[in-house]
$ cat coords_1.cif   # mmCIF, C-alpha atoms and all ligand atoms
data_coords
#
loop_
_atom_site.label_atom_id
_atom_site.label_comp_id
_atom_site.auth_asym_id
_atom_site.auth_seq_id
_atom_site.Cartn_x
_atom_site.Cartn_y
_atom_site.Cartn_z
CA MET A 29 -3.92 6.50 -30.77
CA SER A 30 -0.19 5.89 -31.39
CA GLU A 31 1.01 2.54 -32.71
CA THR A 32 1.24 -0.45 -30.40
CA ILE A 33 4.56 -0.78 -28.58
CA ARG A 34 5.93 -4.32 -28.58
CA THR A 35 7.78 -5.73 -25.57
CA LYS A 36 8.70 -9.12 -24.14
CA PHE A 37 7.91 -8.03 -20.60
CA LEU A 38 5.46 -5.31 -19.58
CA ILE A 39 5.47 -4.16 -15.97
CA ILE A 40 2.41 -2.23 -14.86
CA GLY A 41 3.15 -0.04 -11.84
CA GLY A 42 6.02 2.12 -10.65
CA GLY A 43 6.39 1.26 -6.96
CA PRO A 44 8.95 -0.97 -5.21
CA ALA A 45 7.42 -4.14 -6.73
CA GLY A 46 7.43 -2.77 -10.27
CA TYR A 47 10.94 -1.29 -10.10
CA THR A 48 12.38 -4.49 -8.66
CA ALA A 49 10.68 -6.52 -11.40
CA ALA A 50 12.19 -4.06 -13.90
CA ILE A 51 15.71 -4.42 -12.45
CA TYR A 52 15.55 -8.23 -12.55
CA GLY A 53 13.78 -8.29 -15.91
CA ALA A 54 16.37 -6.01 -17.49
CA ARG A 55 19.25 -8.03 -16.07
CA ALA A 56 17.64 -11.15 -17.60
CA ASN A 57 17.71 -9.34 -20.96
CA LEU A 58 13.91 -9.10 -21.21
CA GLN A 59 14.16 -5.37 -22.11
CA PRO A 60 11.14 -4.58 -19.94
CA ILE A 61 8.88 -1.59 -20.27
CA LEU A 62 7.55 -0.23 -16.98
CA LEU A 63 4.45 1.98 -16.84
CA ARG A 64 4.27 4.28 -13.85
CA GLY A 65 0.54 5.08 -13.68
CA ASP A 66 -0.91 8.09 -11.94
CA GLN A 67 1.30 7.80 -8.86
CA PRO A 68 4.89 7.53 -10.10
CA GLY A 69 6.93 6.01 -7.28
CA GLY A 70 3.83 4.48 -5.69
CA GLN A 71 3.00 4.82 -2.02
CA LEU A 72 6.58 5.67 -1.03
CA SER A 73 6.22 8.87 -3.03
CA ILE A 74 3.72 10.15 -0.45
CA THR A 75 5.65 9.21 2.67
CA THR A 76 8.48 10.98 4.43
CA ASP A 77 10.86 9.06 6.73
CA VAL A 78 11.60 5.42 5.90
CA GLU A 79 13.68 3.70 8.55
CA ASN A 80 13.06 0.04 7.82
CA TYR A 81 14.22 -0.50 4.24
CA PRO A 82 17.47 -2.47 4.52
CA GLY A 83 20.74 -0.94 3.38
CA PHE A 84 20.63 2.47 5.04
CA SER A 85 21.88 3.26 8.52
CA ASP A 86 20.24 6.72 8.40
CA VAL A 87 16.61 7.64 7.81
CA VAL A 88 15.86 8.00 4.10
CA GLN A 89 12.97 9.82 2.45
CA GLY A 90 10.38 7.69 0.63
CA PRO A 91 10.41 9.76 -2.60
CA TRP A 92 14.22 9.65 -2.71
CA LEU A 93 14.28 5.88 -2.15
CA VAL A 94 11.87 5.15 -4.96
CA ALA A 95 13.63 7.63 -7.29
CA GLU A 96 16.83 5.62 -6.69
CA MET A 97 14.94 2.43 -7.58
CA GLU A 98 13.82 4.04 -10.84
CA LYS A 99 17.39 5.12 -11.66
CA GLN A 100 18.64 1.59 -10.95
CA ALA A 101 15.96 0.08 -13.21
CA GLU A 102 16.85 2.48 -16.05
CA HIS A 103 20.54 1.85 -15.53
CA ALA A 104 19.90 -1.90 -15.84
CA GLY A 105 18.18 -1.30 -19.18
CA ALA A 106 14.45 -0.99 -18.44
CA SER A 107 12.37 1.66 -20.24
CA ILE A 108 10.17 3.71 -17.96
CA LEU A 109 7.07 5.26 -19.53
CA GLN A 110 4.28 7.40 -18.17
CA ASP A 111 0.98 5.63 -18.80
CA THR A 112 -1.99 4.18 -16.94
CA ILE A 113 -3.47 0.90 -18.14
CA MET A 114 -7.23 0.94 -18.49
CA SER A 115 -7.85 -2.61 -19.76
CA LEU A 116 -6.12 -5.87 -20.66
CA ASP A 117 -6.90 -8.34 -23.42
CA LEU A 118 -5.39 -11.65 -22.35
CA SER A 119 -7.40 -13.78 -24.77
CA ALA A 120 -4.64 -13.95 -27.42
CA ARG A 121 -0.82 -13.87 -27.56
CA PRO A 122 0.85 -11.46 -27.35
CA PHE A 123 -1.27 -9.95 -24.61
CA LEU A 124 -2.60 -6.47 -25.26
CA ALA A 125 -2.65 -3.70 -22.64
CA ILE A 126 -4.56 -0.53 -23.45
CA GLY A 127 -3.35 2.61 -21.75
CA GLU A 128 -4.37 6.26 -21.70
CA ASN A 129 -1.40 7.18 -23.90
CA GLY A 130 -0.87 4.06 -26.00
CA SER A 131 -1.18 0.31 -26.29
CA TYR A 132 1.35 -2.39 -25.52
CA ALA A 133 1.70 -5.92 -26.88
CA ALA A 134 3.59 -8.13 -24.42
CA ASP A 135 4.63 -11.78 -24.11
CA ALA A 136 4.51 -11.58 -20.32
CA ILE A 137 3.03 -9.06 -17.93
CA ALA A 138 3.71 -8.25 -14.27
CA ILE A 139 0.88 -6.41 -12.53
CA CYS A 140 2.42 -4.34 -9.72
CA THR A 141 -0.26 -1.71 -9.26
CA GLY A 142 -0.29 -1.71 -5.44
CA ALA A 143 -3.08 -0.58 -3.19
CA ARG A 144 -4.29 2.68 -1.70
CA ALA A 145 -5.12 3.20 1.93
CA ARG A 146 -8.62 4.46 2.58
CA TRP A 147 -8.70 7.82 4.34
CA LEU A 148 -11.42 9.57 6.31
CA GLY A 149 -11.55 12.39 3.79
CA LEU A 150 -10.98 15.24 6.28
CA GLN A 151 -8.99 18.33 5.30
CA SER A 152 -7.15 18.20 8.63
CA GLU A 153 -6.22 14.56 7.98
CA GLU A 154 -4.67 15.56 4.66
CA PHE A 155 -2.89 18.50 6.32
CA PHE A 156 -1.24 16.36 9.03
CA ARG A 157 -0.54 13.31 6.85
CA GLY A 158 3.09 12.34 7.46
CA CYS A 159 3.25 14.73 10.46
CA GLY A 160 1.31 12.64 12.97
CA VAL A 161 -1.32 11.06 10.73
CA SER A 162 -0.48 7.70 9.19
CA ALA A 163 -2.18 4.70 7.60
CA CYS A 164 0.56 2.22 8.50
CA ALA A 165 1.47 1.25 12.06
CA THR A 166 4.26 -1.09 10.96
CA CYS A 167 5.81 1.79 8.99
CA ASP A 168 5.33 4.67 11.42
CA GLY A 169 4.60 3.16 14.86
CA PHE A 170 8.25 3.42 15.82
CA PHE A 171 8.01 7.25 15.71
CA PHE A 172 5.38 7.11 18.49
CA ARG A 173 7.27 5.17 21.15
CA ASN A 174 5.92 6.06 24.60
CA LYS A 175 3.38 8.45 23.10
CA ASP A 176 -0.43 8.50 23.12
CA VAL A 177 -1.92 7.33 19.85
CA VAL A 178 -5.37 6.87 18.39
CA VAL A 179 -6.39 4.19 15.91
CA VAL A 180 -9.51 4.86 13.84
CA GLY A 181 -11.52 1.88 12.60
CA GLY A 182 -13.27 -1.25 13.74
CA GLY A 183 -12.18 -4.13 11.50
CA ASN A 184 -9.24 -6.52 11.44
CA THR A 185 -6.83 -3.83 10.25
CA ALA A 186 -7.73 -1.47 13.09
CA THR A 187 -7.56 -4.22 15.71
CA GLU A 188 -4.19 -5.46 14.48
CA GLU A 189 -2.80 -1.92 14.26
CA ALA A 190 -3.97 -1.18 17.82
CA LEU A 191 -2.36 -4.38 19.13
CA TYR A 192 0.87 -3.65 17.27
CA LEU A 193 1.00 -0.07 18.55
CA SER A 194 0.33 -1.18 22.14
CA ARG A 195 3.81 -2.71 22.13
CA LEU A 196 5.36 0.70 21.38
CA ALA A 197 3.05 3.48 22.51
CA LYS A 198 2.23 4.64 26.04
CA SER A 199 -1.49 4.32 25.33
CA VAL A 200 -3.72 3.37 22.41
CA THR A 201 -7.30 4.58 22.00
CA LEU A 202 -9.39 2.87 19.36
CA VAL A 203 -12.11 5.14 18.02
CA HIS A 204 -14.86 3.24 16.25
CA ARG A 205 -18.04 4.61 14.70
CA GLY A 206 -19.97 1.40 15.50
CA ASP A 207 -20.84 -0.27 18.77
CA ARG A 208 -19.04 -3.54 18.07
CA LEU A 209 -15.86 -4.57 16.29
CA ARG A 210 -15.94 -6.42 12.97
CA SER A 211 -12.59 -8.13 13.55
CA GLU A 212 -12.04 -11.83 14.28
CA LYS A 213 -13.14 -12.82 17.78
CA VAL A 214 -9.67 -13.96 18.80
CA LEU A 215 -8.23 -10.54 17.89
CA GLN A 216 -11.02 -8.77 19.72
CA GLN A 217 -10.30 -10.76 22.87
CA LYS A 218 -6.62 -9.83 22.70
CA LEU A 219 -7.59 -6.19 22.30
CA PHE A 220 -10.04 -6.20 25.22
CA ASP A 221 -7.49 -7.99 27.43
CA ASN A 222 -4.79 -5.43 26.66
CA PRO A 223 -4.51 -2.90 29.52
CA LYS A 224 -2.93 -0.28 27.26
CA ILE A 225 -5.87 -0.18 24.84
CA ARG A 226 -9.24 1.45 25.44
CA VAL A 227 -12.11 1.76 22.98
CA ILE A 228 -14.34 4.77 22.36
CA TRP A 229 -17.49 3.38 20.74
CA SER A 230 -19.96 5.06 18.40
CA HIS A 231 -17.86 8.15 17.72
CA VAL A 232 -16.67 9.65 14.46
CA VAL A 233 -13.64 11.85 13.92
CA GLU A 234 -14.69 15.37 12.99
CA GLU A 235 -11.24 16.96 12.90
CA ILE A 236 -7.62 16.25 13.62
CA LEU A 237 -6.11 19.01 15.71
CA GLY A 238 -2.54 20.19 15.98
CA ASP A 239 0.17 22.81 15.64
CA HIS A 240 0.78 24.27 12.21
CA ALA A 241 4.45 25.28 12.43
CA PRO A 242 5.98 22.78 12.69
CA ARG A 243 3.08 20.49 11.78
CA LYS A 244 2.32 18.25 14.73
CA VAL A 245 -0.80 16.43 15.86
CA THR A 246 -2.04 17.22 19.36
CA GLY A 247 -5.50 15.64 19.38
CA LEU A 248 -8.84 14.97 17.74
CA ARG A 249 -12.35 16.34 17.87
CA LEU A 250 -14.84 13.47 18.10
CA ARG A 251 -18.62 13.40 17.80
CA ASP A 252 -20.95 10.92 19.44
CA GLN A 253 -23.03 9.28 16.70
CA THR A 254 -26.24 9.27 18.75
CA SER A 255 -26.10 12.29 21.07
CA HIS A 256 -24.00 14.42 18.65
CA VAL A 257 -22.06 15.65 21.68
CA GLU A 258 -18.47 16.53 20.80
CA GLN A 259 -15.37 15.77 22.85
CA LEU A 260 -11.69 16.56 22.50
CA LEU A 261 -9.18 13.76 22.80
CA ALA A 262 -5.46 14.46 23.27
CA ALA A 263 -3.12 12.38 21.08
CA ASP A 264 0.35 12.55 19.53
CA GLY A 265 -0.50 10.38 16.55
CA VAL A 266 -3.50 9.14 14.59
CA PHE A 267 -3.52 5.89 12.64
CA VAL A 268 -6.34 5.64 10.13
CA ALA A 269 -7.09 1.93 9.75
CA ILE A 270 -10.26 1.69 7.72
CA GLY A 271 -8.94 -0.60 4.99
CA HIS A 272 -7.13 -0.54 1.65
CA ASP A 273 -8.30 -0.76 -1.94
CA PRO A 274 -6.11 -2.80 -4.29
CA ALA A 275 -5.63 -1.06 -7.66
CA THR A 276 -7.15 -3.89 -9.67
CA GLY A 277 -10.13 -2.13 -11.29
CA PRO A 278 -8.87 -2.63 -14.87
CA PHE A 279 -7.83 -6.27 -14.29
CA ARG A 280 -10.65 -7.88 -12.29
CA ASP A 281 -12.36 -9.34 -15.34
CA THR A 282 -9.18 -10.90 -16.70
CA VAL A 283 -7.25 -12.38 -13.74
CA ALA A 284 -8.70 -14.15 -10.72
CA CYS A 285 -9.07 -11.92 -7.67
CA ASP A 286 -10.27 -12.65 -4.14
CA PRO A 287 -13.48 -11.07 -2.82
CA GLY A 288 -11.49 -8.05 -1.61
CA GLY A 289 -10.19 -7.45 -5.14
CA TYR A 290 -6.60 -8.60 -4.46
CA ILE A 291 -5.05 -10.64 -7.28
CA LYS A 292 -4.72 -14.31 -6.38
CA THR A 293 -1.29 -15.87 -6.89
CA ARG A 294 -0.14 -19.45 -6.50
CA PRO A 295 1.46 -19.71 -3.02
CA GLY A 296 5.21 -19.12 -3.07
CA SER A 297 5.12 -17.58 -6.55
CA ALA A 298 3.89 -14.58 -8.54
CA VAL A 299 1.88 -16.82 -10.89
CA THR A 300 -1.72 -15.66 -11.46
CA SER A 301 -4.67 -17.52 -12.95
CA VAL A 302 -3.45 -16.61 -16.47
CA PRO A 303 -0.18 -18.24 -17.65
CA GLY A 304 2.26 -15.46 -18.55
CA VAL A 305 0.65 -12.90 -16.25
CA PHE A 306 2.29 -12.35 -12.88
CA ALA A 307 1.43 -10.12 -9.94
CA ALA A 308 3.52 -8.70 -7.10
CA GLY A 309 3.43 -6.34 -4.15
CA ASP A 310 0.49 -4.77 -2.37
CA VAL A 311 -1.84 -5.68 -5.22
CA VAL A 312 -1.49 -9.27 -3.99
CA ASP A 313 -0.60 -8.78 -0.36
CA TYR A 314 -3.06 -7.59 2.28
CA THR A 315 -0.95 -8.92 5.13
CA TYR A 316 2.53 -7.39 5.14
CA ARG A 317 2.19 -4.26 2.95
CA GLN A 318 5.81 -3.18 3.13
CA ALA A 319 8.22 -1.77 0.58
CA VAL A 320 10.66 -4.60 1.21
CA THR A 321 8.07 -7.35 0.78
CA ALA A 322 6.74 -5.64 -2.38
CA ALA A 323 10.30 -5.49 -3.73
CA GLY A 324 10.80 -9.19 -2.91
CA MET A 325 7.64 -10.11 -4.75
CA GLY A 326 8.69 -7.95 -7.72
CA CYS A 327 11.84 -10.02 -7.91
CA MET A 328 9.72 -13.20 -7.88
CA ALA A 329 7.51 -11.86 -10.69
CA ALA A 330 10.50 -11.14 -12.93
CA LEU A 331 12.11 -14.52 -12.24
CA ASP A 332 8.80 -16.30 -12.88
CA ALA A 333 8.33 -14.30 -16.12
CA GLU A 334 11.85 -15.13 -17.25
CA ARG A 335 11.21 -18.87 -16.69
CA PHE A 336 7.86 -18.66 -18.44
CA LEU A 337 9.35 -16.92 -21.48
CA SER A 338 12.27 -19.32 -21.78
CA ASP A 339 9.84 -22.29 -21.60
CA GLN A 340 7.90 -20.77 -24.53
CA GLN A 341 10.95 -20.76 -26.79
CA PRO A 342 11.13 -23.61 -29.32
C1 LIG B 1 2.09 6.90 4.16
C2 LIG B 1 2.78 5.57 3.93
C3 LIG B 1 3.97 5.31 4.58
C4 LIG B 1 4.63 4.12 4.36
N1 LIG B 1 5.81 3.89 5.00
C5 LIG B 1 6.48 2.74 4.76
C6 LIG B 1 7.73 2.48 5.41
O1 LIG B 1 8.24 3.30 6.19
N2 LIG B 1 8.34 1.30 5.14
C7 LIG B 1 7.80 0.36 4.30
O2 LIG B 1 8.42 -0.67 4.07
N3 LIG B 1 6.62 0.56 3.70
C8 LIG B 1 5.96 1.72 3.92
N4 LIG B 1 4.73 1.92 3.33
C9 LIG B 1 4.15 0.86 2.52
C10 LIG B 1 4.83 0.79 1.14
O3 LIG B 1 4.88 2.09 0.58
C11 LIG B 1 4.06 -0.16 0.24
O4 LIG B 1 3.98 -1.43 0.85
C12 LIG B 1 4.76 -0.31 -1.10
O5 LIG B 1 4.91 0.95 -1.72
C13 LIG B 1 3.99 -1.25 -2.03
O6 LIG B 1 4.68 -1.28 -3.22
P1 LIG B 1 3.96 -1.72 -4.59
O7 LIG B 1 5.02 -1.59 -5.63
O8 LIG B 1 3.29 -3.02 -4.40
O9 LIG B 1 2.79 -0.67 -4.84
P2 LIG B 1 2.68 0.91 -4.79
O10 LIG B 1 3.80 1.53 -4.06
O11 LIG B 1 1.29 1.17 -4.33
O12 LIG B 1 2.83 1.34 -6.33
C14 LIG B 1 1.82 1.06 -7.26
C15 LIG B 1 2.18 1.67 -8.60
O13 LIG B 1 1.24 1.21 -9.56
C16 LIG B 1 0.81 2.30 -10.36
N5 LIG B 1 -0.49 1.97 -10.93
C17 LIG B 1 -1.67 1.74 -10.29
N6 LIG B 1 -2.64 1.45 -11.17
C18 LIG B 1 -2.07 1.49 -12.41
C19 LIG B 1 -2.53 1.27 -13.74
N7 LIG B 1 -3.81 0.96 -13.99
N8 LIG B 1 -1.66 1.43 -14.77
C20 LIG B 1 -0.36 1.74 -14.54
N9 LIG B 1 0.14 1.91 -13.30
C21 LIG B 1 -0.70 1.81 -12.25
C22 LIG B 1 0.82 3.49 -9.42
O14 LIG B 1 0.87 4.70 -10.14
C23 LIG B 1 2.10 3.21 -8.63
O15 LIG B 1 3.20 3.69 -9.37
C24 LIG B 1 4.06 3.14 3.50
C25 LIG B 1 2.86 3.40 2.84
C26 LIG B 1 2.22 4.61 3.05
C27 LIG B 1 0.91 4.90 2.32
#
$ encode --input "coords_1.cif" --output "structure tokens"
Amino acid sequence: MSETIRTKFLIIGGGPAGYTAAIYGARANLQPILLRGDQPGGQLSITTDVENYPGFSDVVQGPWLVAEMEKQAEHAGASILQDTIMSLDLSARPFLAIGENGSYAADAIAICTGARARWLGLQSEEFFRGCGVSACATCDGFFFRNKDVVVVGGGNTATEEALYLSRLAKSVTLVHRGDRLRSEKVLQQKLFDNPKIRVIWSHVVEEILGDHAPRKVTGLRLRDQTSHVEQLLAADGVFVAIGHDPATGPFRDTVACDPGGYIKTRPGSAVTSVPGVFAAGDVVDYTYRQAVTAAGMGCMAALDAERFLSDQQP
């Protein structure tokens, strides 16, 4: 393995949170190193239209937006490297991060590794992703105003997504493989009281159907879990809402996480359970999950790191 790279401020993750931490860290003269992991650009790199990131009157493309963030971070003085961290040793100072391509000794670390939406794992879902299939109602619901949409799932995420979409769509059908919802009772009541939402119980999605050129969802093929009878359901959009997995596998033994694996931070800050280690973006946040909130938290992580480092100086 190559020799250990020394830095004041190591940023793990190349999404909106990481790039914003890098911009602020560089401007505070921390000469940060940012590691991009296996999904350079993060979740925005796999989306198409972004209409809700402030500063643009026209629709922008997710990959373009995050490429601009990277350019801005480099321009400010951050070094961007391609590596994925596999483990952290936080027991001594400087901290040590072990990656696939090298190791990094850092005085402060910002973990900005995001989260990944869970998908059904269907080929047709992959094919129509971004063309009628989404995992984010807040991001993409606007494109389905006055249309018929389906939400797949039965937990809090699915219930909240269905309620959110009912304010935009003509109709919302919740397809759930079980015969009862797992969401909070108060949310369930709101869902059952909503005249725009209906639930199809005990059905799984077998296939997402649609036109191939241009790619466009037209419906779903469902299967009854008990009778195995199939039915076709017409829809313009499908929202898969079966949860997210925070990318905290390599860090769970070293920083405190909640039962869902999200890193715990002190409210109103990016401070984790380990002094000098900060966390920002979707790796912390299971509520908002937006590029702009991730960027805001990335800013907080860099400002917190800067304060921490200046307090360490004699
Ligand atoms: C399909 C889709 C559409 C979306 N549309 C919108 C939208 O229109 N508007 C909006 O505001 N939000 C949208 N979002 C949500 C938005 O993309 C996320 O909220 C945002 O990207 C979170 O930023 P983040 O920096 O916290 O994490 P991410 O974007 O998830 O980035 C995480 C980064 O960490 C890296 N990483 C992970 N593990 C490691 C490791 N061990 N070592 C090194 N690096 C690692 C990854 O490679 C990646 O670069 C969308 C999301 C999806 C999936």
$ atom_distance --input "coords_1.cif" --atom1 "CA of Asp168 (chain A)" --atom2 "CA of Val180 (chain A)"
15.0 Å
$ residues_near_ligand --input "coords_1.cif" --ligand "ligand LIG 1 (chain B)" --cutoff "7 Å" --atoms "only C-alpha atoms and all ligand atoms" --output "PyMOL selection string"
chain A and resi 40-46+63-72+74-75+77-81+111-114+140-145+158+162-164+167-168+275+278+308-311+317-320+322-323
$ write_last_selection --input "coords_1.cif" --atoms "C-alpha atoms" --output "PDB file, in the frame of the given file"
ATOM      1  CA  ILE A  40       2.410  -2.230 -14.860  1.00  0.00           C
ATOM      2  CA  GLY A  41       3.150  -0.040 -11.840  1.00  0.00           C
ATOM      3  CA  GLY A  42       6.020   2.120 -10.650  1.00  0.00           C
ATOM      4  CA  GLY A  43       6.390   1.260  -6.960  1.00  0.00           C
ATOM      5  CA  PRO A  44       8.950  -0.970  -5.210  1.00  0.00           C
ATOM      6  CA  ALA A  45       7.420  -4.140  -6.730  1.00  0.00           C
ATOM      7  CA  GLY A  46       7.430  -2.770 -10.270  1.00  0.00           C
ATOM      8  CA  LEU A  63       4.450   1.980 -16.840  1.00  0.00           C
ATOM      9  CA  ARG A  64       4.270   4.280 -13.850  1.00  0.00           C
ATOM     10  CA  GLY A  65       0.540   5.080 -13.680  1.00  0.00           C
ATOM     11  CA  ASP A  66      -0.910   8.090 -11.940  1.00  0.00           C
ATOM     12  CA  GLN A  67       1.300   7.800  -8.860  1.00  0.00           C
ATOM     13  CA  PRO A  68       4.890   7.530 -10.100  1.00  0.00           C
ATOM     14  CA  GLY A  69       6.930   6.010  -7.280  1.00  0.00           C
ATOM     15  CA  GLY A  70       3.830   4.480  -5.690  1.00  0.00           C
ATOM     16  CA  GLN A  71       3.000   4.820  -2.020  1.00  0.00           C
ATOM     17  CA  LEU A  72       6.580   5.670  -1.030  1.00  0.00           C
ATOM     18  CA  ILE A  74       3.720  10.150  -0.450  1.00  0.00           C
ATOM     19  CA  THR A  75       5.650   9.210   2.670  1.00  0.00           C
ATOM     20  CA  ASP A  77      10.860   9.060   6.730  1.00  0.00           C
ATOM     21  CA  VAL A  78      11.600   5.420   5.900  1.00  0.00           C
ATOM     22  CA  GLU A  79      13.680   3.700   8.550  1.00  0.00           C
ATOM     23  CA  ASN A  80      13.060   0.040   7.820  1.00  0.00           C
ATOM     24  CA  TYR A  81      14.220  -0.500   4.240  1.00  0.00           C
ATOM     25  CA  ASP A 111       0.980   5.630 -18.800  1.00  0.00           C
ATOM     26  CA  THR A 112      -1.990   4.180 -16.940  1.00  0.00           C
ATOM     27  CA  ILE A 113      -3.470   0.900 -18.140  1.00  0.00           C
ATOM     28  CA  MET A 114      -7.230   0.940 -18.490  1.00  0.00           C
ATOM     29  CA  CYS A 140       2.420  -4.340  -9.720  1.00  0.00           C
ATOM     30  CA  THR A 141      -0.260  -1.710  -9.260  1.00  0.00           C
ATOM     31  CA  GLY A 142      -0.290  -1.710  -5.440  1.00  0.00           C
ATOM     32  CA  ALA A 143      -3.080  -0.580  -3.190  1.00  0.00           C
ATOM     33  CA  ARG A 144      -4.290   2.680  -1.700  1.00  0.00           C
ATOM     34  CA  ALA A 145      -5.120   3.200   1.930  1.00  0.00           C
ATOM     35  CA  GLY A 158       3.090  12.340   7.460  1.00  0.00           C
ATOM     36  CA  SER A 162      -0.480   7.700   9.190  1.00  0.00           C
ATOM     37  CA  ALA A 163      -2.180   4.700   7.600  1.00  0.00           C
ATOM     38  CA  CYS A 164       0.560   2.220   8.500  1.00  0.00           C
ATOM     39  CA  CYS A 167       5.810   1.790   8.990  1.00  0.00           C
ATOM     40  CA  ASP A 168       5.330   4.670  11.420  1.00  0.00           C
ATOM     41  CA  ALA A 275      -5.630  -1.060  -7.660  1.00  0.00           C
ATOM     42  CA  PRO A 278      -8.870  -2.630 -14.870  1.00  0.00           C
ATOM     43  CA  ALA A 308       3.520  -8.700  -7.100  1.00  0.00           C
ATOM     44  CA  GLY A 309       3.430  -6.340  -4.150  1.00  0.00           C
ATOM     45  CA  ASP A 310       0.490  -4.770  -2.370  1.00  0.00           C
ATOM     46  CA  VAL A 311      -1.840  -5.680  -5.220  1.00  0.00           C
ATOM     47  CA  ARG A 317       2.190  -4.260   2.950  1.00  0.00           C
ATOM     48  CA  GLN A 318       5.810  -3.180   3.130  1.00  0.00           C
ATOM     49  CA  ALA A 319       8.220  -1.770   0.580  1.00  0.00           C
ATOM     50  CA  VAL A 320      10.660  -4.600   1.210  1.00  0.00           C
ATOM     51  CA  ALA A 322       6.740  -5.640  -2.380  1.00  0.00           C
ATOM     52  CA  ALA A 323      10.300  -5.490  -3.730  1.00  0.00           C
TER      53      ALA A 323
END
$ closest_residue --input "coords_1.cif" --among "A:Ala241, A:Ala186, A:Ala95, A:Ile139" --to "Leu116 (chain A)" --atoms "all atoms listed in the file"
A:Ile139
$ closest_residue --input "coords_1.cif" --among "A:Ile33, A:Val227, A:Ala49, A:Leu150" --to "Pro122 (chain A)" --atoms "all atoms listed in the file"
A:Ile33
$ closest_atom_pairs --input "coords_1.cif" --of "region 259-338 of chain A" --to "region 200-223 of chain A" --cutoff "10 Å" --atoms "all atoms listed in the file" --output "tab-separated table"
residue	atom	partner	partner_atom	distance
A:Leu261	CA	A:Thr201	CA	9.4
A:Ala263	CA	A:Thr201	CA	8.9
A:Gly265	CA	A:Val200	CA	9.7
A:Val266	CA	A:Thr201	CA	9.5
A:Phe267	CA	A:Leu202	CA	9.4
A:Val268	CA	A:Val203	CA	9.8
A:Ala269	CA	A:Leu202	CA	9.9
A:Ile270	CA	A:His204	CA	9.8
$ closest_residue --input "coords_1.cif" --among "A:Ala190, A:Val305, A:Val177, A:Ala330" --to "Ala136 (chain A)" --atoms "only C-alpha atoms"
A:Val305
$ build_atoms --input "coords_1.cif" --residues "region 159-169 of chain A" --atoms "N, CA, C and O atoms" --output "mmCIF file, in the frame of the given file"
data_model
loop_
_atom_site.group_PDB
_atom_site.id
_atom_site.type_symbol
_atom_site.label_atom_id
_atom_site.label_comp_id
_atom_site.auth_asym_id
_atom_site.auth_seq_id
_atom_site.Cartn_x
_atom_site.Cartn_y
_atom_site.Cartn_z
ATOM 1 N N CYS A 159 2.800 13.897 9.322
ATOM 2 C CA CYS A 159 3.250 14.730 10.460
ATOM 3 C C CYS A 159 2.398 14.373 11.681
ATOM 4 O O CYS A 159 1.954 15.247 12.424
ATOM 5 N N GLY A 160 2.122 13.092 11.845
ATOM 6 C CA GLY A 160 1.310 12.640 12.970
ATOM 7 C C GLY A 160 0.109 11.826 12.533
ATOM 8 O O GLY A 160 -0.513 11.155 13.352
ATOM 9 N N VAL A 161 -0.223 11.894 11.255
ATOM 10 C CA VAL A 161 -1.320 11.060 10.730
ATOM 11 C C VAL A 161 -0.718 10.039 9.777
ATOM 12 O O VAL A 161 0.042 10.399 8.875
ATOM 13 N N SER A 162 -1.057 8.781 9.999
ATOM 14 C CA SER A 162 -0.480 7.700 9.190
ATOM 15 C C SER A 162 -1.556 6.661 8.892
ATOM 16 O O SER A 162 -2.591 6.599 9.566
ATOM 17 N N ALA A 163 -1.283 5.836 7.866
ATOM 18 C CA ALA A 163 -2.180 4.700 7.600
ATOM 19 C C ALA A 163 -1.416 3.398 7.742
ATOM 20 O O ALA A 163 -1.864 2.376 7.232
ATOM 21 N N CYS A 164 -0.267 3.427 8.424
ATOM 22 C CA CYS A 164 0.560 2.220 8.500
ATOM 23 C C CYS A 164 1.321 2.167 9.814
ATOM 24 O O CYS A 164 2.351 2.841 9.970
ATOM 25 N N ALA A 165 0.817 1.344 10.752
ATOM 26 C CA ALA A 165 1.470 1.250 12.060
ATOM 27 C C ALA A 165 2.844 0.589 11.956
ATOM 28 O O ALA A 165 3.788 0.998 12.635
ATOM 29 N N THR A 166 2.960 -0.423 11.102
ATOM 30 C CA THR A 166 4.260 -1.090 10.960
ATOM 31 C C THR A 166 5.312 -0.098 10.466
ATOM 32 O O THR A 166 6.474 -0.157 10.854
ATOM 33 N N CYS A 167 4.859 0.817 9.561
ATOM 34 C CA CYS A 167 5.810 1.790 8.990
ATOM 35 C C CYS A 167 6.147 2.884 9.996
ATOM 36 O O CYS A 167 7.301 3.259 10.139
ATOM 37 N N ASP A 168 5.142 3.413 10.679
ATOM 38 C CA ASP A 168 5.330 4.670 11.420
ATOM 39 C C ASP A 168 5.186 4.535 12.935
ATOM 40 O O ASP A 168 5.434 5.502 13.659
ATOM 41 N N GLY A 169 4.801 3.346 13.423
ATOM 42 C CA GLY A 169 4.600 3.160 14.860
ATOM 43 C C GLY A 169 5.825 3.509 15.680
ATOM 44 O O GLY A 169 5.728 4.087 16.776
#
